[in-house]
$ cat entry.csv   # CSV, C-alpha atoms
chain,number,residue,atom,x,y,z
O,13,MET,CA,0.0,0.0,0.0
O,14,PRO,CA,1.5,3.4,-0.9
O,15,SER,CA,2.0,5.7,2.0
O,16,PRO,CA,-0.3,8.8,2.1
O,17,ALA,CA,1.1,12.0,0.7
O,18,PRO,CA,2.2,14.5,3.3
O,19,LYS,CA,-0.3,17.2,4.0
O,20,ALA,CA,0.5,20.8,3.5
O,21,PRO,CA,0.8,23.0,6.7
O,22,SER,CA,-2.5,24.7,5.8
O,23,ALA,CA,-4.3,21.3,5.6
O,24,ILE,CA,-3.3,20.3,9.2
O,25,ARG,CA,-6.1,20.6,11.7
O,26,GLY,CA,-5.7,23.7,13.8
O,27,GLY,CA,-2.7,24.9,11.7
O,28,ARG,CA,-4.4,28.2,10.8
O,29,THR,CA,-5.5,28.8,14.5
O,30,ILE,CA,-1.9,28.2,15.6
O,31,ARG,CA,-0.5,30.7,13.1
O,32,VAL,CA,-3.1,33.3,14.1
O,33,GLY,CA,-2.3,32.8,17.7
O,34,ILE,CA,1.5,33.2,17.1
O,35,ALA,CA,0.9,36.4,15.2
O,36,LEU,CA,-1.3,37.9,17.9
O,37,LEU,CA,1.2,36.9,20.6
O,38,ALA,CA,4.0,38.6,18.7
O,39,VAL,CA,1.9,41.8,18.3
O,40,VAL,CA,1.0,41.9,22.0
O,41,ALA,CA,4.5,41.2,23.1
O,42,PHE,CA,5.9,43.9,20.8
O,43,ALA,CA,3.3,46.4,22.0
O,44,LEU,CA,4.1,45.8,25.7
O,45,SER,CA,7.9,46.0,25.1
O,46,TYR,CA,7.4,49.0,22.9
O,47,ASP,CA,5.6,50.9,25.7
O,48,ALA,CA,8.3,50.1,28.2
O,49,LEU,CA,11.2,51.0,25.8
O,50,ARG,CA,9.5,54.3,24.9
O,51,GLN,CA,9.2,55.3,28.6
O,52,MET,CA,12.9,54.4,29.0
O,53,ALA,CA,13.7,56.7,26.1
O,54,VAL,CA,11.8,59.5,27.8
O,55,ALA,CA,13.7,58.9,31.0
O,56,GLY,CA,17.0,58.8,29.0
O,57,HIS,CA,16.3,62.3,27.7
O,58,VAL,CA,15.4,61.4,24.2
O,59,ARG,CA,13.4,64.3,22.7
O,60,GLY,CA,9.9,64.6,21.4
O,61,LEU,CA,8.7,62.2,18.7
O,62,LEU,CA,12.1,60.4,18.6
O,63,THR,CA,10.9,58.5,21.7
O,64,TYR,CA,8.5,56.6,19.5
O,65,LEU,CA,11.4,55.5,17.2
O,66,PHE,CA,13.7,54.3,20.1
O,67,PRO,CA,11.8,50.9,20.6
O,68,LEU,CA,12.2,50.1,16.9
O,69,VAL,CA,16.0,50.3,17.2
O,70,ILE,CA,16.0,47.4,19.7
O,71,ASP,CA,13.0,45.2,19.0
O,72,GLY,CA,13.2,46.0,15.3
O,73,PHE,CA,16.8,44.8,15.2
O,74,ILE,CA,15.8,41.6,16.9
O,75,ALA,CA,13.2,40.9,14.1
O,76,ILE,CA,15.6,41.7,11.3
O,77,GLY,CA,18.3,39.5,12.9
O,78,ILE,CA,15.9,36.5,13.0
O,79,VAL,CA,15.0,37.0,9.3
O,80,ALA,CA,18.8,37.2,8.6
O,81,LEU,CA,19.3,33.9,10.4
O,82,ILE,CA,16.8,32.2,8.1
O,83,ILE,CA,18.5,33.7,5.0
O,84,LEU,CA,21.9,32.7,6.2
O,85,ARG,CA,21.0,29.1,7.2
O,86,THR,CA,23.4,27.8,4.6
O,87,ALA,CA,26.2,30.3,5.4
O,88,PRO,CA,29.4,29.3,7.2
O,89,VAL,CA,29.2,28.7,10.9
O,90,SER,CA,31.2,31.9,11.7
O,91,SER,CA,28.7,34.1,9.9
O,92,ARG,CA,25.7,32.4,11.6
O,93,PHE,CA,27.4,32.7,15.0
O,94,TYR,CA,28.0,36.4,14.4
O,95,VAL,CA,24.3,37.0,13.6
O,96,TRP,CA,23.2,34.9,16.6
O,97,MET,CA,25.5,37.1,18.8
O,98,LEU,CA,23.9,40.3,17.5
O,99,VAL,CA,20.4,38.9,18.0
O,100,GLY,CA,21.3,37.8,21.5
O,101,VAL,CA,22.8,41.2,22.5
O,102,ALA,CA,19.7,43.0,21.1
O,103,THR,CA,17.4,40.6,23.0
O,104,GLY,CA,19.3,41.0,26.2
O,105,THR,CA,19.2,44.7,25.9
O,106,SER,CA,15.4,44.7,25.4
O,107,ILE,CA,15.0,42.4,28.4
O,108,GLY,CA,17.2,44.5,30.5
O,109,ALA,CA,15.5,47.8,29.6
O,110,ASN,CA,12.1,46.2,30.4
O,111,VAL,CA,13.3,45.1,33.7
O,112,VAL,CA,14.8,48.5,34.6
O,113,HIS,CA,11.5,50.1,33.6
O,114,ALA,CA,9.4,47.8,35.8
O,115,VAL,CA,11.7,48.1,38.8
O,116,GLY,CA,12.0,51.9,38.5
O,117,LEU,CA,8.3,52.5,38.4
O,118,ASN,CA,7.8,50.0,41.2
O,119,GLU,CA,10.1,52.2,43.5
O,120,GLY,CA,8.4,55.5,42.6
O,121,THR,CA,5.8,57.2,40.6
O,122,ARG,CA,8.3,58.5,38.1
O,123,LEU,CA,10.9,56.6,36.2
O,124,ARG,CA,14.4,57.9,37.0
O,125,LEU,CA,17.7,56.4,35.6
O,126,ASN,CA,21.1,56.5,37.1
O,127,ASN,CA,24.1,57.8,35.1
O,128,ALA,CA,25.2,54.3,34.0
O,129,THR,CA,21.8,53.3,32.7
O,130,ALA,CA,21.3,56.6,30.9
O,131,GLY,CA,24.7,56.3,29.3
O,132,ALA,CA,24.1,52.7,28.2
O,133,LEU,CA,20.8,53.8,26.6
O,134,SER,CA,22.5,56.5,24.6
O,135,ALA,CA,25.0,54.0,23.2
O,136,ILE,CA,22.3,51.7,21.8
O,137,ALA,CA,21.5,53.8,18.7
O,138,PRO,CA,25.1,54.0,17.3
O,139,LEU,CA,25.8,50.3,18.2
O,140,ALA,CA,22.6,49.3,16.3
O,141,LEU,CA,23.6,51.4,13.3
O,142,ALA,CA,27.0,49.7,13.2
O,143,GLY,CA,25.5,46.2,13.7
O,144,ALA,CA,22.9,46.8,11.0
O,145,VAL,CA,25.4,47.9,8.4
O,146,HIS,CA,27.8,45.0,9.1
O,147,LEU,CA,24.8,42.6,9.1
O,148,TYR,CA,23.9,43.8,5.6
O,149,LEU,CA,27.5,43.3,4.4
O,150,VAL,CA,27.5,39.7,5.7
O,151,MET,CA,24.2,38.9,4.0
O,152,ASN,CA,25.3,40.5,0.7
O,153,ARG,CA,28.6,38.6,0.7
O,154,HIS,CA,26.7,35.3,1.3
O,155,LEU,CA,24.1,36.0,-1.4
O,156,ALA,CA,26.9,37.0,-3.9
O,157,SER,CA,28.9,33.8,-3.2
O,158,GLY,CA,25.7,31.7,-3.7
O,159,ALA,CA,25.0,33.4,-7.0
O,160,MET,CA,28.6,32.7,-8.2
O,161,ALA,CA,28.3,29.1,-7.2
O,162,GLU,CA,25.1,28.7,-9.3
O,163,ALA,CA,26.6,30.4,-12.3
O,164,SER,CA,29.8,28.2,-12.3
O,165,PRO,CA,29.6,25.0,-14.4
O,166,ALA,CA,28.6,21.9,-12.6
O,167,THR,CA,31.3,19.7,-14.1
O,168,PRO,CA,34.9,20.6,-15.2
O,169,PRO,CA,35.7,20.4,-18.8
O,170,ALA,CA,37.0,17.0,-20.0
O,171,ALA,CA,40.7,16.5,-19.7
O,172,SER,CA,40.9,15.1,-23.2
O,173,ALA,CA,39.7,18.3,-24.8
O,174,THR,CA,43.2,19.7,-24.8
O,175,PRO,CA,45.8,17.4,-26.4
O,176,GLY,CA,48.9,16.7,-24.4
O,177,ASP,CA,52.4,17.5,-25.6
O,178,ASP,CA,53.2,13.9,-26.3
O,179,ARG,CA,50.1,13.4,-28.3
O,180,PRO,CA,50.6,14.1,-32.1
O,181,ILE,CA,48.1,16.4,-33.7
O,182,ARG,CA,47.0,15.1,-37.0
O,183,GLN,CA,45.8,17.5,-39.7
O,184,GLU,CA,43.0,16.1,-41.8
O,185,GLN,CA,43.2,16.8,-45.5
O,186,THR,CA,40.0,17.6,-47.3
O,187,ASP,CA,39.1,16.2,-50.7
O,188,ASP,CA,39.8,19.6,-52.2
O,189,ASP,CA,43.3,19.6,-50.8
O,190,ALA,CA,44.0,16.1,-52.1
O,191,THR,CA,43.0,16.9,-55.6
O,192,ALA,CA,43.5,20.6,-56.0
O,193,PRO,CA,46.0,21.7,-58.7
O,194,SER,CA,48.9,24.0,-58.0
O,195,THR,CA,47.8,26.6,-60.6
O,196,LYS,CA,44.6,28.7,-60.7
O,197,ALA,CA,41.6,27.3,-62.4
O,198,ASN,CA,41.0,30.2,-64.7
O,199,SER,CA,44.7,30.6,-65.9
O,200,ALA,CA,45.5,29.5,-69.4
O,201,PRO,CA,48.1,26.7,-69.7
O,202,GLU,CA,51.6,27.7,-70.8
O,203,ALA,CA,52.7,26.5,-74.2
O,204,ASN,CA,55.9,24.8,-72.9
O,205,THR,CA,54.2,23.4,-69.8
O,206,THR,CA,53.6,19.6,-69.7
O,207,ILE,CA,50.5,18.6,-67.8
O,208,THR,CA,51.0,15.4,-66.0
O,209,LYS,CA,48.0,13.3,-65.2
O,210,SER,CA,47.8,12.1,-61.7
O,211,PRO,CA,45.6,9.1,-60.9
O,212,PRO,CA,42.4,10.3,-59.3
O,213,ALA,CA,42.2,9.3,-55.6
O,214,LYS,CA,39.0,8.0,-54.4
O,215,ALA,CA,37.6,9.7,-51.4
O,216,ASN,CA,37.3,7.7,-48.3
O,217,ARG,CA,33.6,7.7,-47.8
O,218,LYS,CA,31.5,5.3,-45.7
O,219,LYS,CA,29.0,3.1,-47.5
O,220,GLY,CA,25.6,4.9,-47.7
O,221,GLU,CA,27.1,8.3,-47.0
O,222,ARG,CA,25.7,11.1,-49.2
O,223,LYS,CA,28.2,12.2,-51.9
O,224,THR,CA,29.0,15.9,-52.5
O,225,THR,CA,29.2,17.8,-55.7
O,226,ALA,CA,32.8,18.1,-57.1
O,227,PRO,CA,34.4,21.5,-56.5
O,228,ASP,CA,35.6,23.6,-59.4
O,229,THR,CA,39.3,22.9,-58.6
O,230,VAL,CA,38.7,19.1,-59.0
O,231,LEU,CA,36.7,19.6,-62.2
O,232,TRP,CA,39.3,21.8,-63.9
O,233,SER,CA,42.3,19.7,-62.9
O,234,THR,CA,40.7,16.5,-64.0
O,235,ALA,CA,39.5,18.0,-67.3
O,236,ARG,CA,43.0,19.4,-68.1
O,237,ALA,CA,44.6,16.1,-67.2
O,238,ILE,CA,42.3,14.3,-69.7
O,239,GLY,CA,42.9,17.0,-72.3
O,240,ALA,CA,46.7,16.7,-72.0
O,241,GLU,CA,46.5,12.9,-72.5
O,242,GLN,CA,43.8,12.7,-75.2
O,243,GLY,CA,44.0,16.1,-76.9
O,244,THR,CA,40.3,16.6,-76.2
O,245,VAL,CA,37.9,16.3,-73.3
O,246,PRO,CA,34.9,14.1,-73.9
O,247,ARG,CA,32.0,14.9,-71.6
O,248,THR,CA,31.4,11.2,-70.7
O,249,THR,CA,35.1,10.7,-69.9
O,250,LEU,CA,35.1,13.7,-67.6
O,251,GLU,CA,32.0,12.5,-65.8
O,252,ALA,CA,33.4,9.0,-65.3
O,253,ALA,CA,36.7,10.4,-63.9
O,254,ILE,CA,34.8,12.7,-61.5
O,255,ARG,CA,32.6,9.9,-60.2
O,256,ALA,CA,35.6,7.7,-59.7
O,257,GLN,CA,36.9,10.2,-57.2
O,258,GLY,CA,33.7,9.9,-55.2
O,259,TYR,CA,31.9,13.1,-56.3
O,260,THR,CA,28.8,13.9,-58.2
O,261,ILE,CA,28.5,16.1,-61.3
O,262,GLN,CA,25.7,17.4,-63.5
O,263,LYS,CA,25.9,16.8,-67.2
O,264,ASP,CA,25.5,20.5,-68.1
O,265,ARG,CA,28.4,21.4,-65.8
O,266,ALA,CA,30.5,18.6,-67.2
O,267,LYS,CA,29.8,19.7,-70.7
O,268,GLU,CA,30.7,23.3,-69.8
O,269,ILE,CA,34.0,22.4,-68.3
O,270,ALA,CA,34.9,20.0,-71.1
O,271,ASN,CA,34.2,22.6,-73.8
O,272,ALA,CA,36.2,25.3,-71.9
O,273,VAL,CA,39.3,23.0,-71.6
O,274,THR,CA,38.9,21.9,-75.2
O,275,ALA,CA,39.0,25.6,-76.2
O,276,GLU,CA,42.1,26.2,-74.1
O,277,LEU,CA,43.8,23.3,-75.8
O,278,ALA,CA,42.8,24.7,-79.3
O,279,SER,CA,44.1,28.1,-78.3
O,280,ALA,CA,47.4,26.7,-77.1
O,281,ALA,CA,47.7,24.7,-80.4
O,282,ASN,CA,47.1,27.8,-82.5
O,283,THR,CA,49.6,29.7,-80.6
O,284,ASP,CA,52.3,27.0,-81.2
O,285,ALA,CA,51.4,26.9,-84.9
O,286,ALA,CA,51.7,30.7,-85.2
O,287,ALA,CA,55.1,30.7,-83.5

$ encode --input "entry.csv" --output "structure tokens"
Amino acid sequence: MPSPAPKAPSAIRGGRTIRVGIALLAVVAFALSYDALRQMAVAGHVRGLLTYLFPLVIDGFIAIGIVALIILRTAPVSSRFYVWMLVGVATGTSIGANVVHAVGLNEGTRLRLNNATAGALSAIAPLALAGAVHLYLVMNRHLASGAMAEASPATPPAASATPGDDRPIRQEQTDDDATAPSTKANSAPEANTTITKSPPAKANRKKGERKTTAPDTVLWSTARAIGAEQGTVPRTTLEAAIRAQGYTIQKDRAKEIANAVTAELASAANTDAAA
């Protein structure tokens, strides 16, 4: 029997009631601590409306620190310990201020602070500023390192991608390089130049592999070799020689090349006769 799927937190009986209760408890606790800390600010000679901001420096820092701990749950232990220390100091300060407030009002109708307590309260704001800025830097550094880790490749490149020094590098020759002539295709043959026919090399092609059309360099060199041997270039002979090298050729193209090379041979013969 398959095990039942886990229920979502919202589907658990009483889950919503628990969440609402936790939220109400947090609001009530913040309100009571806020009132005590504001009266401590008044007793510490904080002026006017700034007394309403003083509780946020302490209790607000606690809330931000707890959120930072959730974000930094995968950070190094040293970073998490530092944030825990900040949250602990802020919590201890809030508890101490609430205790001093209750004890002071219990001893008299008006809250009065001694010099040490008043001095400690005045140091809370700059300490909270320094702690908040450094907490931001710690979080930013952790988030930046996490983004870099995600952007980096998961696996290193294969070691065989770069050939070693003791591994010879072979240069593959194409079919064009194997059959290309040393002279340009459109240059007329010299009168005193003897064209030597080289046996056409068949391309190494796997069985069933699609053949490619013969490049112009192969067409011209093959046609000139046939013309040097036979004195003319029959179209059928040129087609057979090209196909023997593993290429394909159209009849119209073979006829065009054959006629052009035949014209070159006739021109060369007329030049020799005139000389």

$ atom_distance --input "entry.csv" --atom1 "CA of Ala142 (chain O)" --atom2 "CA of Gly100 (chain O)"
15.6 Å

$ atom_distance --input "entry.csv" --atom1 "CA of Leu37 (chain O)" --atom2 "CA of Val69 (chain O)"
20.3 Å

$ atom_distance --input "entry.csv" --atom1 "CA of Val112 (chain O)" --atom2 "CA of Val79 (chain O)"
27.8 Å

$ residues_around --input "entry.csv" --residues "Val145 (chain O)" --least-positions-apart "4" --cutoff "12 Å" --atoms "all atoms listed in the file" --output "compact mmCIF listing (two decimals) with C-alpha atoms, keeping the file's coordinate frame"
# COMPACT_ATOMS: atom_id res chain seq x y z
CA PHE O 73 16.80 44.80 15.20
CA ILE O 76 15.60 41.70 11.30
CA GLY O 77 18.30 39.50 12.90
CA LEU O 98 23.90 40.30 17.50
CA PRO O 138 25.10 54.00 17.30
CA LEU O 139 25.80 50.30 18.20
CA ALA O 140 22.60 49.30 16.30
CA LEU O 141 23.60 51.40 13.30
CA LEU O 149 27.50 43.30 4.40
CA VAL O 150 27.50 39.70 5.70
CA MET O 151 24.20 38.90 4.00
CA ASN O 152 25.30 40.50 0.70

$ residues_around --input "entry.csv" --residues "Ala270 (chain O)" --least-positions-apart "3" --cutoff "12 Å" --atoms "only C-alpha atoms" --output "PDB file with C-alpha atoms, keeping the file's coordinate frame"
ATOM      1  CA  LEU O 231      36.700  19.600 -62.200  1.00  0.00           C
ATOM      2  CA  TRP O 232      39.300  21.800 -63.900  1.00  0.00           C
ATOM      3  CA  SER O 233      42.300  19.700 -62.900  1.00  0.00           C
ATOM      4  CA  THR O 234      40.700  16.500 -64.000  1.00  0.00           C
ATOM      5  CA  ALA O 235      39.500  18.000 -67.300  1.00  0.00           C
ATOM      6  CA  ARG O 236      43.000  19.400 -68.100  1.00  0.00           C
ATOM      7  CA  ALA O 237      44.600  16.100 -67.200  1.00  0.00           C
ATOM      8  CA  ILE O 238      42.300  14.300 -69.700  1.00  0.00           C
ATOM      9  CA  GLY O 239      42.900  17.000 -72.300  1.00  0.00           C
ATOM     10  CA  GLY O 243      44.000  16.100 -76.900  1.00  0.00           C
ATOM     11  CA  THR O 244      40.300  16.600 -76.200  1.00  0.00           C
ATOM     12  CA  VAL O 245      37.900  16.300 -73.300  1.00  0.00           C
ATOM     13  CA  PRO O 246      34.900  14.100 -73.900  1.00  0.00           C
ATOM     14  CA  ARG O 247      32.000  14.900 -71.600  1.00  0.00           C
ATOM     15  CA  THR O 248      31.400  11.200 -70.700  1.00  0.00           C
ATOM     16  CA  THR O 249      35.100  10.700 -69.900  1.00  0.00           C
ATOM     17  CA  LEU O 250      35.100  13.700 -67.600  1.00  0.00           C
ATOM     18  CA  GLU O 251      32.000  12.500 -65.800  1.00  0.00           C
ATOM     19  CA  LYS O 263      25.900  16.800 -67.200  1.00  0.00           C
ATOM     20  CA  ASP O 264      25.500  20.500 -68.100  1.00  0.00           C
ATOM     21  CA  ARG O 265      28.400  21.400 -65.800  1.00  0.00           C
ATOM     22  CA  ALA O 266      30.500  18.600 -67.200  1.00  0.00           C
ATOM     23  CA  LYS O 267      29.800  19.700 -70.700  1.00  0.00           C
ATOM     24  CA  VAL O 273      39.300  23.000 -71.600  1.00  0.00           C
ATOM     25  CA  THR O 274      38.900  21.900 -75.200  1.00  0.00           C
ATOM     26  CA  ALA O 275      39.000  25.600 -76.200  1.00  0.00           C
ATOM     27  CA  GLU O 276      42.100  26.200 -74.100  1.00  0.00           C
ATOM     28  CA  LEU O 277      43.800  23.300 -75.800  1.00  0.00           C
TER      29      LEU O 277
END

$ residues_near_point --input "entry.csv" --point "(16.9, 43.3, 20.6)" --cutoff "9 Å" --atoms "only C-alpha atoms" --output "PyMOL selection string"
chain O and resi 69-75+77+98-107

$ closest_residue --input "entry.csv" --among "O:Ala55, O:Ser90, O:His154, O:Tyr64" --to "Asn127 (chain O)" --atoms "all atoms listed in the file"
O:Ala55

$ closest_residue --input "entry.csv" --among "O:Ala226, O:Ala286, O:Met97, O:Ala41" --to "Ala256 (chain O)" --atoms "all atoms listed in the file"
O:Ala226
